[in-house]
Amino acid sequence: MRCAACGTELIAGKKFCHACGTRVALTCRGCGATVSPDFRFCPDCGIEIGSAGVHDAAPPATDDALARLSRDIPETLAAKIRTAQHTIAGERKQVTVLFCDLAGSTAIAERLDPEEYHDLLDEYLELAFREIYRFEGIVNQIAGDGLMALFGAPVAHEDHAVRACYAALRMQDSISRFAAKLAPGTGELVRIRVGLNSGEVLVRAIAGDLHMDYTAVGQTTHLAARMEQMAEPGAILATDEVARLVEGYVQTRRHGSRSIRGLAQPVEVFEILGTVPLRTRVQVAERRGLSRFVGREAELTQLGRALRLAQQGRGQVVALLGEPGVGKSRLLLEFVRAQSASGFGVFESTTLSHGEATPYFPIATLLARQLEVDAAAAPDAIRSRIVRKLTALDVPPVPHFPALAALYGANSGDRQWESLDPPQRHRATLEAVKALLLAQARVQPMILVVEDLHWIDAESQDALDHLVRALSGSRILLLVEYRPEYTNDWSGMSAFTPLRVAPLSQERAADLLKSLLGDHPGLAPLARQLLARTEGNPLFLEESVRALAESKALEGSPGAYRLARALETIRIPAMVQDVLASRLDLLPAREKSLVQVASALGKDLSAAVLKRVAGLADEELAAALARLQASEFLVESALFPDLQYSFKHAFTHEVVYSSLPHQRRRRLHTQVVEAMEEVYAGRTAERVEILAHHAVHGELWEPAVGYLRQAAARAYERSA
């Protein structure tokens, strides 16, 4: 601990600096009040201080330190703060407060030279700040080795609690990796404690250096500080307010009720353990809110019949086929969530537009939840979970364990497996997949969902074919969906039912359109024209209404629109190509260019790669992305471990990409390769299939050959 006035290392337990005579002043971690080292409790908020040792006291950061840390804010975040700072002063904001400190910092300081200790603190704070800023939190207070951060203000986020949890988990991971590099005896001590609470705060002022000053309403910050103080080193504790907000997004464990000084009632405490991965595209979309589900009674009846047959041990395959936008994924979602599916285990997967180069991708995704495998886990953990699951299902680990482990890159070390040639490994993998699924179905009837089969890789197709031939005596209902251009060899099988999903009838389409537009009398001519032009395609209807609203032809709000100008002046696209091209043209030049750049990256794209390829200044990029999200061209699809965006519809991506001239496509693919090599330096082996795709389309022939050979080697290892 250093003197705030002269910077001299202070003598522990003394009230004055021995170099300059300045009285030691501490900052309360709960409310920010200045307190004396004589105090055992803060007179303002009641938090324990000083000799009680609940946290390592330290002087507040100087103004210079705060200014330095403010300058470290990424420019994209700083731009959002500057945009918000003119409007949020004096407002009440729902936020999540994060407190963090370096546990046992006194013991660490005793082991190190003061300069070494200062460097360690700097590194720890830099890592913590990086993860907080990654999820657009803002550091509000710094006190020695402790800090306070807020999520949800000044940049508002509906998911502020989720972001805070993600940041806390990333902080723990970063600090653990940092500690592992330190000298023995010191690294073991470097662990952090984190506390979280969600509630209301009042924004008092925003300084020019972006330092935020908040006044807590009630016990918001006090409880967050108490969570941190109760946490064991290396743990993240949160209140029940946080736990409710992150349910379904973050893994938690209840620690029971705890009495908190100053509060009449005990507080439920939870530990944050990890993240919950997102599932299929439509399930992610469901969180954002879906349009009204109409019609499909006949299709639901057929699916219900297949479900009953599967429940009786007469396994079934139902294939939903139809053009893009007719609602195949939505129909599957509504069916599997219906009461009729109760008692079935539901396991879902999807293919990717670039997934054909990644053998077994949808199969590995489909099995991951059954095996309780995290593909990012250590190989030992993956192998252990697979063996445990096979044992529980009475499936002999030999010969199936090596094949299943290979799906997740976990070498089993089995000599017999290593001696097999690729075709033999492929056959063994098909048998292992079938054995696992059939064994699981004996325990519980299952619904397996695989979407977008038109992008499936050959190895996964073989696995599905192998399973379909063995379904007749099982309790499995396999649901797949694909576009008309996809074909398979299942049509001659008695258990196979093709179910064509046609556009909605005029009556049902009118019901959907009414929910989108509203029932204002002046909308009747427009409604008739839309129904004629879109031909009952739900996506066409949604996009047409959205395009009209964006062009200001409609005014009001969804479900309550009215015409803003005469109908004859409204350009209504006849097909979705026209709808999406019109929406693209309505964008300002900067946003239009950016979404075209994004289309070259693919349907799902990394924010870090997009930033490098777009070549926009941070402020411009942040503003353009905000506009594209508001326009629903792009949506945030992942926050953890890296920020990712997705085109809201696959068809939107295809239309935008098709608007690019060939030369610009080639140039963009070249830039994508260069950006990915920079962003994923040292980790390109994980993305060789995507790199090969971009290198080929960028006509970078030499790198393309290299990445294709690497992709081939990966395929060979997986017996592709």
# chains A, B, ... in the order shown; residues from 1 in each chain; ligands from 1
>>> select_by_dssp(residues="region 343-439 of chain A", states="strand (DSSP E)", output="PyMOL selection string")
chain A and resi 345-350
>>> write_last_selection(atoms="N, CA and C atoms", output="PDB file, in the first residue's frame")
ATOM      1  N   GLY A 345     -36.867 -36.598 -24.863  1.00  0.00           N
ATOM      2  CA  GLY A 345     -35.647 -35.818 -24.826  1.00  0.00           C
ATOM      3  C   GLY A 345     -35.456 -35.162 -26.180  1.00  0.00           C
ATOM      4  N   VAL A 346     -35.192 -33.879 -26.193  1.00  0.00           N
ATOM      5  CA  VAL A 346     -35.049 -33.136 -27.446  1.00  0.00           C
ATOM      6  C   VAL A 346     -33.591 -32.721 -27.610  1.00  0.00           C
ATOM      7  N   PHE A 347     -32.996 -33.113 -28.732  1.00  0.00           N
ATOM      8  CA  PHE A 347     -31.594 -32.793 -29.023  1.00  0.00           C
ATOM      9  C   PHE A 347     -31.538 -32.154 -30.404  1.00  0.00           C
ATOM     10  N   GLU A 348     -30.960 -30.969 -30.465  1.00  0.00           N
ATOM     11  CA  GLU A 348     -31.029 -30.167 -31.688  1.00  0.00           C
ATOM     12  C   GLU A 348     -29.642 -29.835 -32.222  1.00  0.00           C
ATOM     13  N   SER A 349     -29.591 -29.664 -33.540  1.00  0.00           N
ATOM     14  CA  SER A 349     -28.352 -29.280 -34.192  1.00  0.00           C
ATOM     15  C   SER A 349     -28.699 -28.562 -35.483  1.00  0.00           C
ATOM     16  N   THR A 350     -27.710 -27.937 -36.068  1.00  0.00           N
ATOM     17  CA  THR A 350     -27.902 -27.276 -37.346  1.00  0.00           C
ATOM     18  C   THR A 350     -26.602 -27.339 -38.125  1.00  0.00           C
TER      19      THR A 350
END
>>> select_by_dssp(residues="region 408-545 of chain A", states="helix (DSSP H, G or I)", output="JSON, numbers by chain")
{"A": [415, 416, 417, 418, 419, 422, 423, 424, 425, 426, 427, 428, 429, 430, 431, 432, 433, 434, 435, 436, 437, 438, 439, 440, 441, 442, 443, 453, 454, 455, 458, 459, 460, 461, 462, 463, 464, 465, 466, 467, 468, 506, 507, 508, 509, 510, 511, 512, 513, 514, 515, 516, 517, 521, 522, 523, 524, 525, 526, 527, 528, 529, 530, 531, 532, 533, 534, 538, 539, 540, 541, 542, 543, 544, 545]}
>>> write_last_selection(atoms="C-alpha atoms", output="tab-separated table (two decimals), in the first residue's frame")
chain	number	residue	atom	x	y	z
A	415	ARG	CA	-3.77	-48.60	-30.81
A	416	GLN	CA	-6.42	-50.57	-32.65
A	417	TRP	CA	-8.16	-47.33	-33.65
A	418	GLU	CA	-4.85	-45.85	-34.79
A	419	SER	CA	-4.24	-48.87	-37.01
A	422	PRO	CA	-9.81	-43.96	-43.08
A	423	PRO	CA	-12.74	-45.98	-44.50
A	424	GLN	CA	-12.61	-48.28	-41.47
A	425	ARG	CA	-12.59	-45.32	-39.08
A	426	HIS	CA	-15.51	-43.79	-40.92
A	427	ARG	CA	-17.54	-47.00	-40.59
A	428	ALA	CA	-16.61	-47.23	-36.91
A	429	THR	CA	-17.76	-43.64	-36.37
A	430	LEU	CA	-21.12	-44.39	-38.00
A	431	GLU	CA	-21.58	-47.41	-35.75
A	432	ALA	CA	-20.63	-45.44	-32.63
A	433	VAL	CA	-23.11	-42.65	-33.40
A	434	LYS	CA	-25.87	-45.16	-34.04
A	435	ALA	CA	-25.09	-47.18	-30.90
A	436	LEU	CA	-25.13	-44.11	-28.67
A	437	LEU	CA	-28.42	-42.75	-30.03
A	438	LEU	CA	-30.22	-46.09	-29.95
A	439	ALA	CA	-29.04	-46.74	-26.39
A	440	GLN	CA	-30.22	-43.31	-25.28
A	441	ALA	CA	-33.62	-43.96	-26.87
A	442	ARG	CA	-34.02	-47.12	-24.80
A	443	VAL	CA	-33.78	-44.97	-21.67
A	453	LEU	CA	-29.57	-30.21	-44.38
A	454	HIS	CA	-28.84	-28.54	-47.73
A	455	TRP	CA	-25.49	-27.51	-46.18
A	458	ALA	CA	-20.85	-35.82	-46.59
A	459	GLU	CA	-19.70	-37.55	-43.39
A	460	SER	CA	-22.67	-36.27	-41.38
A	461	GLN	CA	-24.99	-37.29	-44.21
A	462	ASP	CA	-23.58	-40.82	-44.03
A	463	ALA	CA	-24.16	-40.84	-40.26
A	464	LEU	CA	-27.80	-39.79	-40.71
A	465	ASP	CA	-28.30	-42.37	-43.46
A	466	HIS	CA	-26.87	-45.05	-41.18
A	467	LEU	CA	-29.16	-44.02	-38.34
A	468	VAL	CA	-32.27	-43.82	-40.53
A	506	GLN	CA	-54.52	-16.47	-47.94
A	507	GLU	CA	-56.62	-16.57	-44.79
A	508	ARG	CA	-53.69	-17.46	-42.52
A	509	ALA	CA	-51.37	-15.02	-44.27
A	510	ALA	CA	-53.99	-12.31	-43.66
A	511	ASP	CA	-53.99	-13.22	-39.96
A	512	LEU	CA	-50.21	-12.89	-39.81
A	513	LEU	CA	-50.26	-9.63	-41.77
A	514	LYS	CA	-52.88	-8.17	-39.48
A	515	SER	CA	-50.65	-8.91	-36.47
A	516	LEU	CA	-47.76	-7.17	-38.25
A	517	LEU	CA	-49.63	-4.15	-39.65
A	521	PRO	CA	-59.11	0.88	-42.14
A	522	GLY	CA	-56.74	2.77	-44.42
A	523	LEU	CA	-54.43	-0.26	-44.62
A	524	ALA	CA	-56.87	-2.49	-46.51
A	525	PRO	CA	-55.59	-1.70	-50.05
A	526	LEU	CA	-51.99	-2.16	-48.92
A	527	ALA	CA	-52.84	-5.46	-47.24
A	528	ARG	CA	-54.43	-6.81	-50.43
A	529	GLN	CA	-51.37	-5.80	-52.46
A	530	LEU	CA	-48.95	-7.36	-49.96
A	531	LEU	CA	-50.88	-10.64	-49.87
A	532	ALA	CA	-50.82	-10.82	-53.66
A	533	ARG	CA	-47.14	-9.97	-53.99
A	534	THR	CA	-45.73	-12.16	-51.16
A	538	PRO	CA	-44.13	-15.43	-43.84
A	539	LEU	CA	-40.62	-14.07	-44.28
A	540	PHE	CA	-41.66	-12.08	-47.35
A	541	LEU	CA	-44.51	-10.56	-45.37
A	542	GLU	CA	-42.34	-9.64	-42.39
A	543	GLU	CA	-39.62	-8.11	-44.57
A	544	SER	CA	-42.09	-6.19	-46.73
A	545	VAL	CA	-43.71	-4.56	-43.73
>>> residues_around(residues="Leu196 (chain A)", least_positions_apart="6", cutoff="8 Å", atoms="only C-alpha atoms", output="PDB file with C-alpha atoms, in the first residue's frame")
ATOM      1  CA  THR A  96     -25.342  -4.702 -12.651  1.00  0.00           C
ATOM      2  CA  VAL A  97     -22.536  -3.723 -10.303  1.00  0.00           C
ATOM      3  CA  LEU A  98     -19.324  -5.747 -10.284  1.00  0.00           C
ATOM      4  CA  PHE A  99     -16.778  -5.582  -7.453  1.00  0.00           C
ATOM      5  CA  ALA A 164     -21.360  -8.758 -16.155  1.00  0.00           C
ATOM      6  CA  CYS A 165     -21.290 -12.522 -15.581  1.00  0.00           C
ATOM      7  CA  LEU A 223     -24.735  -5.771  -1.770  1.00  0.00           C
ATOM      8  CA  ALA A 224     -22.316  -6.174  -4.684  1.00  0.00           C
ATOM      9  CA  ALA A 225     -19.433  -5.306  -2.338  1.00  0.00           C
ATOM     10  CA  MET A 227     -20.888 -10.527  -2.376  1.00  0.00           C
ATOM     11  CA  GLU A 228     -17.230  -9.910  -3.205  1.00  0.00           C
ATOM     12  CA  ILE A 236     -17.849 -15.291  -8.242  1.00  0.00           C
ATOM     13  CA  LEU A 237     -20.832 -14.663  -5.950  1.00  0.00           C
ATOM     14  CA  ALA A 238     -24.053 -12.957  -6.978  1.00  0.00           C
ATOM     15  CA  THR A 239     -27.371 -11.994  -5.439  1.00  0.00           C
ATOM     16  CA  VAL A 242     -28.572 -11.372 -10.758  1.00  0.00           C
TER      17      VAL A 242
END
>>> residues_around(residues="Tyr117 (chain A)", least_positions_apart="5", cutoff="12 Å", atoms="only C-alpha atoms", output="number ranges by chain")
A: 1-2, 9, 102, 105-112, 122-124, 144-145, 182, 186, 190
>>> residues_around(residues="Ser174 (chain A)", least_positions_apart="6", cutoff="10 Å", atoms="only C-alpha atoms", output="PyMOL selection string")
chain A and resi 124+127-128+130-131+168
>>> write_last_selection(atoms="C-alpha atoms", output="short mmCIF file (atom, residue, chain, number, x, y, z; two decimals), in the first residue's frame")
data_model
loop_
_atom_site.label_atom_id
_atom_site.label_comp_id
_atom_site.auth_asym_id
_atom_site.auth_seq_id
_atom_site.Cartn_x
_atom_site.Cartn_y
_atom_site.Cartn_z
CA TYR A 124 -3.91 -7.64 -13.07
CA LEU A 127 -6.49 -7.84 -17.68
CA ALA A 128 -9.56 -6.98 -15.62
CA ARG A 130 -9.86 -5.58 -20.87
CA GLU A 131 -12.58 -8.09 -20.04
CA ALA A 168 -16.40 -11.96 -14.49
#
>>> residues_around(residues="region 481-489 of chain A", least_positions_apart="5", cutoff="9 Å", atoms="only C-alpha atoms", output="JSON, numbers by chain")
{"A": [318, 319, 320, 321, 322, 323, 324, 328, 329, 332, 449, 450, 451, 452, 453, 454, 455, 461, 465]}
>>> atom_distance(atom1="CA of Asp380 (chain A)", atom2="CA of His400 (chain A)")
16.7 Å
>>> residues_around(residues="Val246 (chain A)", least_positions_apart="3", cutoff="7 Å", atoms="only C-alpha atoms", output="number ranges by chain")
A: 161-162, 242-243, 249-250
>>> closest_residue(among="A:Gly152, A:Gly104, A:Pro233, A:Gly325", to="Asn537 (chain A)", atoms="only C-alpha atoms")
A:Gly325
>>> closest_residue(among="A:Ile73, A:Ala375, A:Ala614, A:Leu309", to="Ala406 (chain A)", atoms="only C-alpha atoms")
A:Ala375
>>> atom_distance(atom1="CA of Val480 (chain A)", atom2="CA of Leu393 (chain A)")
25.5 Å
>>> closest_residue(among="A:Asp101, A:Arg714, A:Ile386, A:Arg546", to="Ala143 (chain A)", atoms="only C-alpha atoms")
A:Asp101
>>> atom_distance(atom1="CA of Gly195 (chain A)", atom2="CA of Ile272 (chain A)")
9.7 Å
